[in-house]
$ cat target18.txt   # compact mmCIF, C-alpha atoms
# COMPACT_ATOMS: atom_id res chain seq x y z
CA MET A 1 72.62 20.95 19.40
CA ARG A 2 69.76 19.69 17.21
CA LYS A 3 67.58 22.54 16.00
CA PRO A 4 64.11 22.58 17.63
CA LEU A 5 62.34 22.81 14.25
CA ARG A 6 63.05 22.79 10.52
CA ILE A 7 62.55 25.27 7.70
CA PHE A 8 60.57 23.90 4.73
CA ARG A 9 60.15 25.54 1.32
CA LEU A 10 56.79 24.94 -0.29
CA HIS A 11 58.08 24.96 -3.87
CA GLU A 12 60.45 22.10 -3.00
CA CYS A 13 57.74 19.93 -1.42
CA SER A 14 56.03 17.10 -3.29
CA PRO A 15 52.27 16.68 -2.79
CA ALA A 16 52.98 13.92 -0.22
CA GLU A 17 55.46 16.13 1.66
CA ARG A 18 53.03 19.04 1.60
CA LYS A 19 50.36 16.76 3.08
CA LYS A 20 52.75 15.87 5.92
CA LEU A 21 53.14 19.58 6.70
CA LEU A 22 49.41 19.70 7.50
CA LYS A 23 49.65 16.95 10.10
CA ARG A 24 49.02 17.73 13.73
CA SER A 25 48.60 15.60 16.81
CA GLU A 26 45.70 13.28 16.16
CA LEU A 27 43.82 12.55 19.34
CA ASP A 28 43.62 8.79 19.01
CA ILE A 29 40.10 8.56 20.32
CA LEU A 30 39.42 5.16 18.81
CA GLU A 31 42.38 3.67 20.67
CA VAL A 32 41.04 4.63 24.11
CA LEU A 33 37.33 4.43 23.28
CA PRO A 34 36.78 0.82 24.46
CA ALA A 35 38.23 1.60 27.91
CA VAL A 36 36.28 4.86 28.08
CA ILE A 37 33.00 3.14 27.22
CA LYS A 38 33.53 0.78 30.17
CA ILE A 39 33.98 3.80 32.47
CA VAL A 40 30.88 5.48 31.07
CA GLU A 41 28.76 2.35 31.51
CA ASP A 42 30.08 1.87 35.04
CA VAL A 43 29.13 5.43 36.00
CA LYS A 44 25.68 4.92 34.50
CA ARG A 45 25.27 1.76 36.58
CA ARG A 46 26.90 2.68 39.90
CA GLY A 47 26.68 6.48 39.97
CA ASN A 48 28.55 8.17 42.80
CA SER A 49 30.28 4.96 43.89
CA ALA A 50 31.93 4.69 40.48
CA LEU A 51 32.90 8.37 40.57
CA LEU A 52 34.63 7.97 43.92
CA ASP A 53 36.45 4.85 42.77
CA TYR A 54 37.76 6.47 39.59
CA THR A 55 38.76 9.66 41.40
CA LYS A 56 40.88 7.56 43.75
CA ARG A 57 42.28 5.41 40.94
CA PHE A 58 43.10 8.09 38.36
CA ASP A 59 43.61 11.25 40.43
CA GLY A 60 44.98 9.68 43.60
CA VAL A 61 42.37 11.45 45.73
CA GLU A 62 40.06 9.72 48.19
CA LEU A 63 36.84 11.71 48.57
CA SER A 64 33.61 10.98 50.36
CA GLU A 65 30.27 11.34 48.59
CA GLY A 66 29.65 14.60 50.43
CA GLU A 67 32.96 16.03 49.20
CA LEU A 68 32.26 15.67 45.47
CA ALA A 69 30.58 19.08 45.32
CA VAL A 70 32.46 22.28 46.17
CA SER A 71 30.93 23.93 49.23
CA GLU A 72 29.99 27.59 49.61
CA ASN A 73 32.69 27.93 52.24
CA GLU A 74 35.32 26.70 49.78
CA THR A 75 34.24 29.33 47.26
CA LYS A 76 34.26 32.09 49.88
CA ALA A 77 37.72 31.03 51.05
CA ALA A 78 38.97 31.13 47.45
CA TYR A 79 38.41 34.89 47.28
CA GLU A 80 40.77 35.36 50.21
CA GLU A 81 43.34 32.95 48.81
CA ILE A 82 44.06 34.83 45.59
CA ASP A 83 45.51 38.32 45.49
CA PRO A 84 43.36 41.37 44.61
CA ALA A 85 45.13 41.86 41.27
CA LEU A 86 44.08 38.38 40.11
CA ARG A 87 40.52 38.94 41.30
CA LYS A 88 40.43 42.14 39.25
CA ALA A 89 41.89 40.36 36.20
CA ILE A 90 39.16 37.71 36.37
CA ARG A 91 36.42 40.36 36.59
CA ASP A 92 37.95 42.42 33.78
CA ALA A 93 38.19 39.36 31.53
CA ALA A 94 34.58 38.45 32.37
CA GLU A 95 33.37 41.89 31.31
CA SER A 96 35.15 41.65 27.95
CA ILE A 97 33.73 38.17 27.34
CA LYS A 98 30.22 39.39 28.20
CA LYS A 99 30.52 42.40 25.90
CA PHE A 100 31.66 40.31 22.95
CA HIS A 101 29.28 37.38 23.35
CA SER A 102 26.20 39.50 24.03
CA ARG A 103 26.32 40.60 20.36
CA GLN A 104 25.97 36.97 19.23
CA MET A 105 22.52 36.42 20.71
CA PRO A 106 19.99 35.63 17.95
CA LYS A 107 16.52 37.12 17.90
CA SER A 108 13.04 35.69 17.41
CA TRP A 109 11.32 36.79 14.19
CA MET A 110 8.24 36.16 12.05
CA ILE A 111 7.70 37.07 8.37
CA GLN A 112 4.99 36.65 5.74
CA ILE A 113 6.09 34.04 3.21
CA LYS A 114 2.94 34.44 1.09
CA PRO A 115 -0.51 35.85 1.85
CA GLY A 116 -1.91 33.66 4.59
CA ILE A 117 1.42 31.93 5.33
CA ARG A 118 3.75 33.11 8.05
CA GLY A 119 6.98 31.57 9.21
CA GLY A 120 9.72 32.42 11.65
CA GLN A 121 11.93 31.28 14.47
CA ILE A 122 11.91 31.56 18.24
CA VAL A 123 14.91 31.40 20.56
CA ARG A 124 14.94 28.85 23.37
CA PRO A 125 17.93 28.34 25.68
CA LEU A 126 19.08 24.94 26.88
CA GLN A 127 17.95 24.21 30.42
CA ARG A 128 21.12 22.83 31.98
CA VAL A 129 24.69 22.78 30.63
CA GLY A 130 27.87 21.12 31.91
CA ILE A 131 31.31 22.63 31.38
CA TYR A 132 34.41 20.47 31.58
CA VAL A 133 37.46 22.40 32.78
CA PRO A 134 40.88 20.69 32.84
CA GLY A 135 42.46 20.87 36.28
CA GLY A 136 44.49 18.82 38.73
CA LEU A 137 48.00 20.27 38.58
CA ALA A 138 46.90 22.96 36.08
CA ARG A 139 44.60 25.93 36.53
CA TYR A 140 42.25 27.31 33.87
CA PRO A 141 40.00 30.03 35.30
CA SER A 142 39.79 31.58 31.83
CA THR A 143 38.18 28.41 30.45
CA VAL A 144 35.47 28.62 33.11
CA LEU A 145 34.68 32.17 31.97
CA MET A 146 34.72 31.21 28.29
CA GLY A 147 32.30 28.35 28.85
CA ALA A 148 29.94 29.71 31.48
CA ILE A 149 29.44 33.33 30.41
CA PRO A 150 28.05 32.58 26.91
CA ALA A 151 25.76 29.96 28.46
CA LYS A 152 24.40 32.43 31.02
CA LEU A 153 23.96 35.12 28.34
CA ALA A 154 21.98 32.61 26.29
CA GLY A 155 19.60 32.19 29.23
CA VAL A 156 20.64 28.71 30.38
CA ASN A 157 18.94 28.12 33.73
CA GLU A 158 21.74 26.13 35.34
CA VAL A 159 25.42 25.84 34.48
CA ILE A 160 27.55 23.27 36.28
CA VAL A 161 31.31 22.74 36.16
CA CYS A 162 33.32 19.55 36.52
CA THR A 163 37.07 19.88 37.07
CA PRO A 164 39.66 17.53 38.61
CA CYS A 165 40.79 18.33 42.13
CA ARG A 166 44.33 18.49 43.41
CA ARG A 167 45.93 15.74 45.50
CA ASP A 168 44.69 17.41 48.68
CA GLY A 169 41.08 17.31 47.46
CA THR A 170 40.83 21.04 46.74
CA ILE A 171 40.10 23.02 43.58
CA ASP A 172 42.35 25.86 42.47
CA ALA A 173 41.13 29.09 44.07
CA ALA A 174 41.25 31.15 40.85
CA THR A 175 39.05 28.58 39.12
CA LEU A 176 36.49 28.80 41.94
CA VAL A 177 36.45 32.60 41.83
CA ALA A 178 36.03 32.58 38.04
CA ALA A 179 33.10 30.17 38.35
CA ASP A 180 31.45 32.40 40.93
CA VAL A 181 31.99 35.53 38.82
CA ALA A 182 30.45 33.71 35.83
CA GLY A 183 27.35 32.73 37.83
CA VAL A 184 28.11 29.02 38.29
CA LYS A 185 26.52 27.67 41.47
CA LYS A 186 27.52 23.99 41.27
CA ILE A 187 31.11 22.79 40.87
CA PHE A 188 32.14 19.15 41.16
CA LYS A 189 35.57 17.70 41.91
CA LEU A 190 35.53 15.36 38.96
CA GLY A 191 37.77 14.85 35.95
CA GLY A 192 38.26 12.57 32.99
CA ALA A 193 35.76 10.28 31.31
CA GLN A 194 33.92 9.75 34.60
CA ALA A 195 33.08 13.46 34.82
CA VAL A 196 31.66 13.46 31.30
CA ALA A 197 29.59 10.37 32.09
CA ALA A 198 28.27 11.92 35.31
CA MET A 199 27.10 15.04 33.47
CA ALA A 200 25.62 13.01 30.61
CA TYR A 201 23.55 10.63 32.72
CA GLY A 202 23.38 12.16 36.19
CA THR A 203 24.06 10.63 39.60
CA ALA A 204 22.67 11.20 43.08
CA THR A 205 24.99 14.23 43.31
CA VAL A 206 25.67 15.41 39.76
CA PRO A 207 22.64 16.58 37.75
CA LYS A 208 22.08 15.36 34.20
CA VAL A 209 22.74 18.10 31.63
CA ASP A 210 21.47 18.82 28.12
CA LYS A 211 24.90 19.60 26.68
CA ILE A 212 28.58 19.22 27.63
CA VAL A 213 31.19 21.71 26.43
CA GLY A 214 34.84 22.39 27.12
CA PRO A 215 38.31 21.09 26.25
CA GLY A 216 40.04 18.04 27.68
CA ASN A 217 42.50 15.24 27.02
CA VAL A 218 41.96 12.21 24.79
CA TYR A 219 39.89 10.43 27.45
CA VAL A 220 37.56 13.41 27.82
CA ALA A 221 37.22 13.67 24.03
CA ALA A 222 36.48 9.94 23.76
CA ALA A 223 33.90 10.18 26.54
CA LYS A 224 32.16 13.06 24.75
CA LEU A 225 31.99 10.88 21.66
CA ALA A 226 30.66 7.93 23.69
CA VAL A 227 27.79 9.95 25.21
CA SER A 228 26.99 12.06 22.15
CA LEU A 229 23.91 10.02 21.20
CA ASP A 230 22.34 10.83 24.57
CA VAL A 231 23.49 14.40 25.25
CA GLY A 232 24.71 17.35 23.21
CA VAL A 233 28.47 18.01 22.95
CA ASP A 234 30.41 20.85 21.37
CA PHE A 235 33.43 19.30 19.59
CA MET A 236 36.47 17.14 20.29
CA ALA A 237 39.10 19.85 20.83
CA GLY A 238 42.68 18.61 20.70
CA PRO A 239 46.03 20.17 21.60
CA SER A 240 46.33 23.89 20.93
CA GLU A 241 47.59 25.30 17.60
CA ILE A 242 48.92 28.52 16.12
CA LEU A 243 49.73 29.37 12.53
CA ILE A 244 51.40 32.71 11.85
CA LEU A 245 51.22 34.24 8.36
CA ALA A 246 54.02 36.78 7.93
CA ASP A 247 55.83 38.82 5.31
CA LYS A 248 59.13 40.71 5.48
CA SER A 249 57.53 43.56 7.49
CA ALA A 250 56.93 41.29 10.52
CA ASN A 251 58.87 41.35 13.79
CA ALA A 252 60.80 38.07 14.13
CA GLU A 253 61.08 38.42 17.92
CA TYR A 254 57.31 38.71 18.32
CA ILE A 255 56.71 35.70 16.09
CA ALA A 256 59.20 33.56 17.99
CA SER A 257 57.60 34.53 21.30
CA ASP A 258 54.12 33.61 20.09
CA MET A 259 55.26 30.26 18.73
CA LEU A 260 56.94 29.46 22.05
CA ALA A 261 53.85 30.57 23.96
CA GLN A 262 51.67 28.17 22.00
CA ALA A 263 54.16 25.31 22.23
CA GLU A 264 54.26 25.51 26.03
CA HIS A 265 50.61 24.39 26.26
CA ASP A 266 51.22 20.74 25.56
CA PRO A 267 53.88 18.37 24.13
CA ASN A 268 51.48 17.81 21.22
CA SER A 269 50.70 21.46 20.49
CA ALA A 270 51.43 22.84 17.02
CA ALA A 271 53.28 26.10 16.29
CA VAL A 272 53.73 26.95 12.62
CA LEU A 273 55.08 29.96 10.72
CA VAL A 274 54.27 30.47 7.03
CA THR A 275 56.20 33.37 5.53
CA THR A 276 57.10 34.83 2.16
CA SER A 277 60.47 35.99 3.54
CA GLU A 278 63.60 33.82 3.87
CA TRP A 279 65.02 36.50 6.15
CA ILE A 280 62.06 36.24 8.55
CA ALA A 281 62.27 32.44 8.51
CA GLU A 282 65.95 32.42 9.48
CA ASN A 283 65.57 35.13 12.11
CA VAL A 284 62.55 33.50 13.75
CA LEU A 285 64.44 30.21 14.01
CA GLU A 286 67.42 32.00 15.58
CA ALA A 287 65.16 33.85 18.03
CA ILE A 288 63.42 30.63 19.08
CA GLU A 289 66.76 28.90 19.71
CA ARG A 290 67.86 31.85 21.85
CA LYS A 291 64.63 32.39 23.79
CA ILE A 292 63.91 28.75 24.53
CA GLU A 293 66.87 28.51 26.89
CA LYS A 294 65.20 30.91 29.33
CA ILE A 295 61.72 29.33 29.50
CA SER A 296 60.68 27.14 32.42
CA ARG A 297 58.53 24.74 30.34
CA ARG A 298 61.45 24.09 27.99
CA SER A 299 61.01 20.31 27.81
CA ILE A 300 57.35 20.62 26.81
CA ILE A 301 58.20 23.24 24.18
CA LEU A 302 61.01 21.15 22.70
CA SER A 303 58.71 18.15 22.43
CA SER A 304 55.98 20.21 20.77
CA LEU A 305 58.27 21.97 18.29
CA SER A 306 60.13 18.80 17.33
CA LYS A 307 56.89 16.98 16.50
CA TYR A 308 54.54 19.61 15.09
CA GLY A 309 56.48 22.87 14.88
CA LYS A 310 57.41 24.13 11.40
CA ILE A 311 58.73 27.17 9.58
CA ILE A 312 57.49 27.23 5.99
CA VAL A 313 58.67 29.56 3.25
CA ALA A 314 56.11 30.20 0.49
CA GLY A 315 56.89 31.61 -2.94
CA ASP A 316 54.34 34.40 -2.61
CA ILE A 317 51.42 35.50 -0.45
CA GLU A 318 48.90 33.53 -2.54
CA ASP A 319 50.80 30.29 -1.94
CA ALA A 320 51.00 31.14 1.75
CA ILE A 321 47.25 31.78 2.01
CA GLU A 322 46.47 28.55 0.17
CA PHE A 323 48.50 26.68 2.80
CA VAL A 324 46.71 28.53 5.61
CA ASN A 325 43.32 27.47 4.26
CA ASP A 326 44.47 23.87 3.83
CA TYR A 327 45.83 23.82 7.38
CA ALA A 328 42.66 25.41 8.86
CA PRO A 329 44.33 26.48 12.12
CA GLU A 330 42.77 26.99 15.52
CA HIS A 331 44.55 30.35 15.89
CA LEU A 332 45.76 32.41 12.93
CA GLU A 333 47.94 35.50 13.32
CA ILE A 334 48.32 37.69 10.23
CA VAL A 335 51.40 39.91 10.56
CA THR A 336 51.85 41.46 7.15
CA SER A 337 52.10 45.03 5.88
CA SER A 338 48.31 45.07 5.28
CA PRO A 339 46.67 42.31 7.35
CA LYS A 340 43.08 43.55 6.99
CA SER A 341 43.28 43.25 3.20
CA LEU A 342 43.89 39.51 3.52
CA ILE A 343 40.87 38.64 5.69
CA LYS A 344 38.56 38.07 2.73
CA LYS A 345 40.95 35.41 1.42
CA ILE A 346 41.03 33.45 4.68
CA LYS A 347 38.43 30.68 4.48
CA ASN A 348 39.36 28.45 7.40
CA ALA A 349 40.45 29.58 10.87
CA GLY A 350 39.04 29.32 14.38
CA ALA A 351 40.19 32.79 15.50
CA ILE A 352 42.07 35.46 13.54
CA PHE A 353 44.49 37.99 15.05
CA LEU A 354 45.51 41.01 12.97
CA GLY A 355 48.77 42.93 13.20
CA PRO A 356 51.92 42.79 15.33
CA TYR A 357 50.26 43.60 18.66
CA SER A 358 47.39 41.10 18.42
CA SER A 359 48.94 38.18 20.28
CA VAL A 360 47.01 34.94 20.72
CA ALA A 361 47.74 35.24 24.45
CA CYS A 362 45.43 38.27 24.54
CA GLY A 363 42.64 36.20 23.02
CA ASP A 364 43.29 33.41 25.50
CA PHE A 365 42.49 35.68 28.42
CA ALA A 366 41.28 39.20 27.90
CA THR A 367 39.94 40.45 24.57
CA GLY A 368 36.52 38.78 24.75
CA PRO A 369 36.15 36.31 21.84
CA ASN A 370 36.03 32.67 22.91
CA HIS A 371 39.19 30.60 23.26
CA ILE A 372 37.41 27.23 23.13
CA LEU A 373 38.10 26.63 19.43
CA PRO A 374 38.15 23.79 16.86
CA THR A 375 41.53 22.12 16.29
CA GLY A 376 42.98 19.56 13.91
CA GLY A 377 41.51 21.26 10.84
CA ALA A 378 37.95 21.30 12.24
CA SER A 379 37.69 25.04 11.58
CA ARG A 380 36.78 23.97 8.03
CA TRP A 381 33.31 23.04 9.27
CA ARG A 382 32.63 24.76 12.58
CA SER A 383 33.34 27.86 14.64
CA GLY A 384 34.50 28.26 18.19
CA LEU A 385 32.19 28.11 21.19
CA SER A 386 29.57 30.86 21.21
CA VAL A 387 26.17 31.82 22.56
CA LEU A 388 24.70 29.84 19.66
CA ASP A 389 25.94 26.62 21.25
CA PHE A 390 23.50 27.16 24.12
CA VAL A 391 20.28 27.99 22.29
CA ARG A 392 17.88 26.21 19.97
CA LEU A 393 15.98 27.95 17.19
CA PRO A 394 12.62 26.17 16.70
CA SER A 395 10.76 27.25 13.58
CA VAL A 396 7.16 28.51 13.80
CA GLN A 397 4.62 28.22 10.97
CA GLU A 398 1.10 29.59 10.75
CA LEU A 399 -1.30 29.17 7.81
CA THR A 400 -4.78 30.49 7.17
CA LYS A 401 -7.17 28.51 4.97
CA LYS A 402 -6.41 30.92 2.14
CA GLY A 403 -2.69 30.34 2.63
CA LEU A 404 -3.18 26.57 2.69
CA ARG A 405 -5.16 26.71 -0.55
CA SER A 406 -2.36 28.64 -2.25
CA ILE A 407 0.19 25.86 -1.67
CA CYS A 408 -2.15 22.86 -1.75
CA GLU A 409 -1.08 21.74 -5.23
CA THR A 410 2.62 22.04 -4.36
CA VAL A 411 2.15 19.88 -1.27
CA GLU A 412 0.03 17.31 -3.09
CA LYS A 413 2.38 16.90 -6.05
CA LEU A 414 5.50 16.51 -3.89
CA ALA A 415 3.73 14.18 -1.45
CA GLU A 416 2.48 11.95 -4.29
CA ALA A 417 5.93 11.95 -5.93
CA GLU A 418 7.37 10.60 -2.68
CA GLY A 419 4.60 8.07 -2.23
CA LEU A 420 3.24 9.80 0.88
CA LEU A 421 -0.42 9.82 -0.04
CA ALA A 422 -1.64 10.41 3.52
CA HIS A 423 0.30 13.67 3.50
CA ALA A 424 -1.63 14.86 0.46
CA GLN A 425 -4.93 13.75 1.99
CA SER A 426 -4.22 15.67 5.22
CA VAL A 427 -4.20 18.88 3.17
CA ARG A 428 -7.23 18.05 0.97
CA GLU A 429 -9.41 17.39 4.01
CA ARG A 430 -8.84 20.87 5.30
CA LEU A 431 -9.96 22.44 2.03
CA LYS A 432 -13.33 20.70 1.70
CA GLY A 433 -16.22 23.10 1.67
CA GLY A 434 -16.10 26.86 1.45
CA GLU A 435 -13.94 29.44 3.13

$ encode --input "target18.txt" --output "structure tokens"
Amino acid sequence: MRKPLRIFRLHECSPAERKKLLKRSELDILEVLPAVIKIVEDVKRRGNSALLDYTKRFDGVELSEGELAVSENETKAAYEEIDPALRKAIRDAAESIKKFHSRQMPKSWMIQIKPGIRGGQIVRPLQRVGIYVPGGLARYPSTVLMGAIPAKLAGVNEVIVCTPCRRDGTIDAATLVAADVAGVKKIFKLGGAQAVAAMAYGTATVPKVDKIVGPGNVYVAAAKLAVSLDVGVDFMAGPSEILILADKSANAEYIASDMLAQAEHDPNSAAVLVTTSEWIAENVLEAIERKIEKISRRSIILSSLSKYGKIIVAGDIEDAIEFVNDYAPEHLEIVTSSPKSLIKKIKNAGAIFLGPYSSVACGDFATGPNHILPTGGASRWRSGLSVLDFVRLPSVQELTKKGLRSICETVEKLAEAEGLLAHAQSVRERLKGGE
């Protein structure tokens, strides 16, 4: 049988081969963008009628206009549909997410820059936010919590959710309960590019939002790009990724399990091990081959590992860390003899997990930090979703006449250098006469 993934040795790789090791699934947004733009423009023009047509065409569900929004009765029924243990798990996860994200909230402040000159910032939440939650055959109650709870903590007045419905026109009960626990009052049975368009521009049923966040497929990502000049978006998150940095002290069984867990997300997910130990590399590969036979999503995992799965042996820990920073993973597990000592050397990662018991699965559901994270190397320039995504920080400036006089020459000289003579005059006028 063909092995599910290969072992590479960094010292044997040419620069071109090393570059190939960094490759992940590229969401080919440009390829689908023309079709997505047509959908967006159609929703802008026809509103609910377009939404109903696309829901029938793409999801195979025929809804009436009155069925686009989830009713209160549907949410109440959802509590009875799921078992008490799952209800408790949702509430427990929500509490951890609240505890973590509440520490991120920025504060308003004001300081004296110079005598007579004060400057600062104030915190203002967005007014209405839309969260896209993948759905249909899948269920992602945790994504609802990760999107809605930071928004509510930030003070957003209204949070809405769009998620595809199942073939019978219903939304997964756990997703509805999670939305209710997170304080979401409006949920719409909408998926794909049409859902993004509805939130961006509004329809008779779906309110227009200030910002759209949440993961989705290539069509959702392309739609977020298409509407981004008119509404705020978070980032174009692609298929999930894990990179595990390990030395000889690591547990090969744990590593194999975590790589398989990440690979089961999507046929285009990426699961990578970078290790300084040949022994770990060989044993992880053997464990993956053994464990994969017992996993229900075997075909998805095999597809993922064959395309973007890798085991990489580095000459030493410095070489391994250099590769980690070049790869800039969504999730990074550090399973070495002293993982905390390596944090300062990690420059690029969406979320970092330290030690043998810190599985990415825990971060997906229960520890509290956000699991909506940058992929495809985007952790080089941005962080995962946080409270900061839902607030604005307007600056505030206050000058007395004395303060204005103290910087008058600075303003005049820079204004004149840039040819903005009216700027300079606007300051001079204020300083005519005495104090």

$ closest_atom_pairs --input "target18.txt" --of "stretch 91-197 of chain A" --to "stretch 406-429 of chain A" --cutoff "12 Å" --atoms "all atoms listed in the file" --output "CSV"
residue,atom,partner,partner_atom,distance
A:Ile113,CA,A:Ile407,CA,11.2
A:Lys114,CA,A:Ser406,CA,8.5
A:Pro115,CA,A:Ser406,CA,8.5
A:Gly116,CA,A:Ser406,CA,8.5
A:Ile117,CA,A:Ser406,CA,9.1

$ atom_distance --input "target18.txt" --atom1 "atom CA of A:Ile122" --atom2 "atom CA of A:Gln397"
10.8 Å

$ residues_around --input "target18.txt" --residues "A:Ala271" --least-positions-apart "6" --cutoff "9 Å" --atoms "all atoms listed in the file" --output "list in words"
Ser240, Glu241, Ile242, Leu243, Ile244, Asp258, Met259, Leu260, Ala261, Gln262, Ala263, Ser304, Leu305, Tyr308, Gly309, Lys310 and Ile311 of chain A

$ closest_residue --input "target18.txt" --among "A:Val284, A:Ile171, A:Ala237, A:Val335" --to "A:Arg139" --atoms "all atoms listed in the file"
A:Ile171

$ atom_distance --input "target18.txt" --atom1 "atom CA of A:Asp172" --atom2 "atom CA of A:Pro141"
8.6 Å

$ residues_around --input "target18.txt" --residues "A:Lys248" --least-positions-apart "6" --cutoff "10 Å" --atoms "all atoms listed in the file" --output "list of chain:residue names"
A:Thr275, A:Thr276, A:Ser277, A:Glu278, A:Trp279, A:Ile280, A:Ala281, A:Val335, A:Thr336, A:Ser337

$ atom_distance --input "target18.txt" --atom1 "atom CA of A:Ala378" --atom2 "atom CA of A:Ala148"
22.5 Å

$ residues_around --input "target18.txt" --residues "A:Phe323" --least-positions-apart "4" --cutoff "12 Å" --atoms "all atoms listed in the file" --output "PyMOL selection string"
chain A and resi 9-11+18-19+21-22+243-245+272-276+312-319+327-329+332+345-349+377

$ closest_residue --input "target18.txt" --among "A:Val159, A:Val32, A:Ala94, A:Ala246" --to "A:Pro356" --atoms "only C-alpha atoms"
A:Ala246

$ residues_around --input "target18.txt" --residues "A:Ser386" --least-positions-apart "3" --cutoff "10 Å" --atoms "only C-alpha atoms" --output "ChimeraX atom specification"
/A:100-102,104-105,146-147,149-151,154,369-373,383,389-391

$ closest_residue --input "target18.txt" --among "A:Ala78, A:Val144, A:Ile334, A:Leu5" --to "A:Val213" --atoms "only C-alpha atoms"
A:Val144

$ closest_residue --input "target18.txt" --among "A:Ile131, A:Ile352, A:Ala270, A:Ala195" --to "A:Ile300" --atoms "all atoms listed in the file"
A:Ala270

$ closest_residue --input "target18.txt" --among "A:Arg392, A:Pro4, A:Glu62, A:Lys344" --to "A:Ser299" --atoms "only C-alpha atoms"
A:Pro4

$ closest_residue --input "target18.txt" --among "A:Pro164, A:Pro215, A:Pro207, A:Gly60" --to "A:Gln127" --atoms "only C-alpha atoms"
A:Pro207

$ residues_around --input "target18.txt" --residues "A:Ser303" --least-positions-apart "4" --cutoff "8 Å" --atoms "only C-alpha atoms" --output "list in words"
Pro267, Asn268, Ser299 and Lys307 of chain A
